[in-house]
Amino acid sequence: MTNTIHRRRIEVLADEPLIPAIVRIAAEAGITHYTLLPTLGGAGAHGRWRDDQLSGATAKVMLLAITSADHAAAFIDRLAPLLESHHLLLMSSDVEVVRGAKFD
Amino acid sequence: MALDALLQPVVLFFLLGALAAFARSDLAIPEAVAKAISLYLMMSIGLRGGGEVAETGFTHDMLLAGGAGLALSFLLPLPAFWLLRTAGKLDRTNAAAVAAHYGSVSVVTFATGSEILRMAGMAPAGFMVGVLAVMETPAIITGLLLARTTGANSLAPRGGLLHETFLNGSVILLLGSFLIGLIDGKEGLKAVAPVFDVPFRGMLCIFLLDMGLIAARRLMDRRALTLRTVVLALLLPLMNGTLGVVIGVELGLDAGSAAALGILAGSASYIAVPAVMRLALPAADPGLYLGMSLAVTFPFNLTLGISYYGWLAAHVWPLIRG
């Protein structure tokens, strides 16, 4: 049977211009491995939104990272004060991964 | 000129896109295609402007127009900010973010306006492309100063903000293409004319079809807009555009270039400024500044504003001056 290891899955939905800064905060928290996912559109507290490559201002990107509990906690602490002012969505959940050393 | 302008294919395609969106059609231009065409338009505008300046050389008018454009971009956000605060009832951050949009410029409004003026025999001078590039960013600085903060909790590092402001893609592409046009001249550009000159109007039609869809859909989802902000989104281009034309005529620019300065002053950014504002003033509502500039001001300028600025530059202000 393949061994799996417990890790934290972090997801941040943010407007595209904010992504480089969020990546920087993640790196400061020890999260250096991540994936950026494009989105097509959706609806939230501020109404409907859709992909917007023209201005890029309201195009949303999902940052996905699998990391250790310590790094995840540090990242959440740093990002939490900005969630309301920057209209960010932050989710964290438990996952089991194979090759746990890849997700420190 | 107003009816002629409305019947230009570029404007009709814009109206077609808007009608399709209002009718809730599933018509869509892929985002990546629209983005690519916007880059193409900037390259084409820059090359053509640079090519024309290579032919005419650097003139006194060019310096005057550049100085006027720079001053307008720095200063236009000030009255806009005051109006948005008093008549628009916006808070400081939102008023500053919106004001920055109205000091900056819309490349597509300029491109469409230039085509309409050219059809009317009032082609603006090639150096107006340089003025367009100059006017992209100063308003951002004024807007940030008006906001008095980049946000206590802003994610934006200062260096990153300056980088985004002065080296954003549209400024680099416009200025770079302008320089390439300047270096190669009209003769040198003949080799790339089949790509950057001949298909220009057709590409502009496709882009404006998409802009019609985007503007109308944003207007339908107008959660952030109020009657006050809509009225201001109509008033600001009229005020700014009139000022641009008056300054252009007073500086002795030809009618087409004065009208183009009016178009630039009357237009509002929806490409360069929103991305910077989203980073620098995250508390400002993108639905508000994009709604005003893209869903109200852009269609107004395309259908009525451009003709008004052209008419003012060609007939009214010279008549008033005697």
# chains A, B, ... in the order shown; residues from 1 in each chain; ligands from 1
>>> residues_around(residues="Thr35 of chain A", least_positions_apart="4", cutoff="7 Å", atoms="only C-alpha atoms", output="ChimeraX atom specification")
/A:63-65
>>> interface_residues(of="chain A", to="chain B", cutoff="8 Å", atoms="only C-alpha atoms", output="PyMOL selection string")
chain A and resi 15+17-18+21-22+47-48+51-58+81-82+85-87
>>> closest_residue(among="A:Thr39, A:Ile66, A:Pro20, A:Thr2", to="Ala101 of chain A", atoms="only C-alpha atoms")
A:Ile66
>>> residues_around(residues="Leu6 of chain B", least_positions_apart="3", cutoff="12 Å", atoms="only C-alpha atoms", output="tab-separated table (two decimals) with C-alpha atoms, in the first residue's frame")
chain	number	residue	atom	x	y	z
B	1	MET	CA	-19.91	64.75	-39.09
B	2	ALA	CA	-21.92	63.28	-36.20
B	3	LEU	CA	-24.05	61.08	-38.45
B	9	PRO	CA	-18.11	50.43	-39.54
B	10	VAL	CA	-16.05	50.69	-36.35
B	11	VAL	CA	-18.89	52.44	-34.50
B	12	LEU	CA	-21.56	50.20	-36.02
B	13	PHE	CA	-19.65	47.09	-34.87
B	14	PHE	CA	-19.46	48.59	-31.39
B	15	LEU	CA	-23.23	49.14	-31.43
B	112	THR	CA	-11.27	55.28	-33.41
B	113	GLY	CA	-11.26	59.07	-33.19
B	116	ILE	CA	-13.15	59.21	-37.90
B	299	PRO	CA	-19.60	54.54	-25.51
B	300	PHE	CA	-20.40	58.23	-25.12
B	301	ASN	CA	-17.11	59.29	-26.68
B	302	LEU	CA	-17.41	56.75	-29.47
B	303	THR	CA	-20.92	57.73	-30.51
B	304	LEU	CA	-21.06	61.47	-29.74
B	305	GLY	CA	-17.92	62.77	-28.06
B	306	ILE	CA	-15.49	62.31	-30.96
B	307	SER	CA	-17.82	64.17	-33.35
B	308	TYR	CA	-18.29	66.94	-30.79
>>> closest_residue(among="A:Ala74, A:Arg7, A:Ser93, A:Val61", to="Glu28 of chain A", atoms="only C-alpha atoms")
A:Ala74
>>> closest_residue(among="B:Val246, B:Ala18, B:Leu312, B:Ala125", to="Val296 of chain B", atoms="only C-alpha atoms")
B:Ala18
>>> closest_residue(among="B:Met203, B:Lys190, B:Asp197, B:Met292", to="Pro237 of chain B", atoms="only C-alpha atoms")
B:Met292
>>> residues_around(residues="Met91 of chain A", least_positions_apart="3", cutoff="12 Å", atoms="only C-alpha atoms", output="PyMOL selection string")
chain A and resi 8-14+62-66+72-73+75-76+79-80+83+88+94
>>> residues_around(residues="segment 171-182 of chain B", least_positions_apart="2", cutoff="12 Å", atoms="only C-alpha atoms", output="MDAnalysis selection string")
chainID B and resid 38:58 104:107 126:138 163:169 184:193 196 271:273
>>> select_by_dssp(residues="chain A", states="alpha helix (DSSP H)", output="list in words")
Ile19, Pro20, Ala21, Ile22, Val23, Arg24, Ile25, Ala26, Ala27, Glu28, Ala69, Asp70, His71, Ala72, Ala73, Ala74, Phe75, Ile76, Asp77, Arg78 and Leu79 of chain A
>>> atom_distance(atom1="atom CA of Met239 of chain B", atom2="atom CA of Leu78 of chain B")
12.5 Å
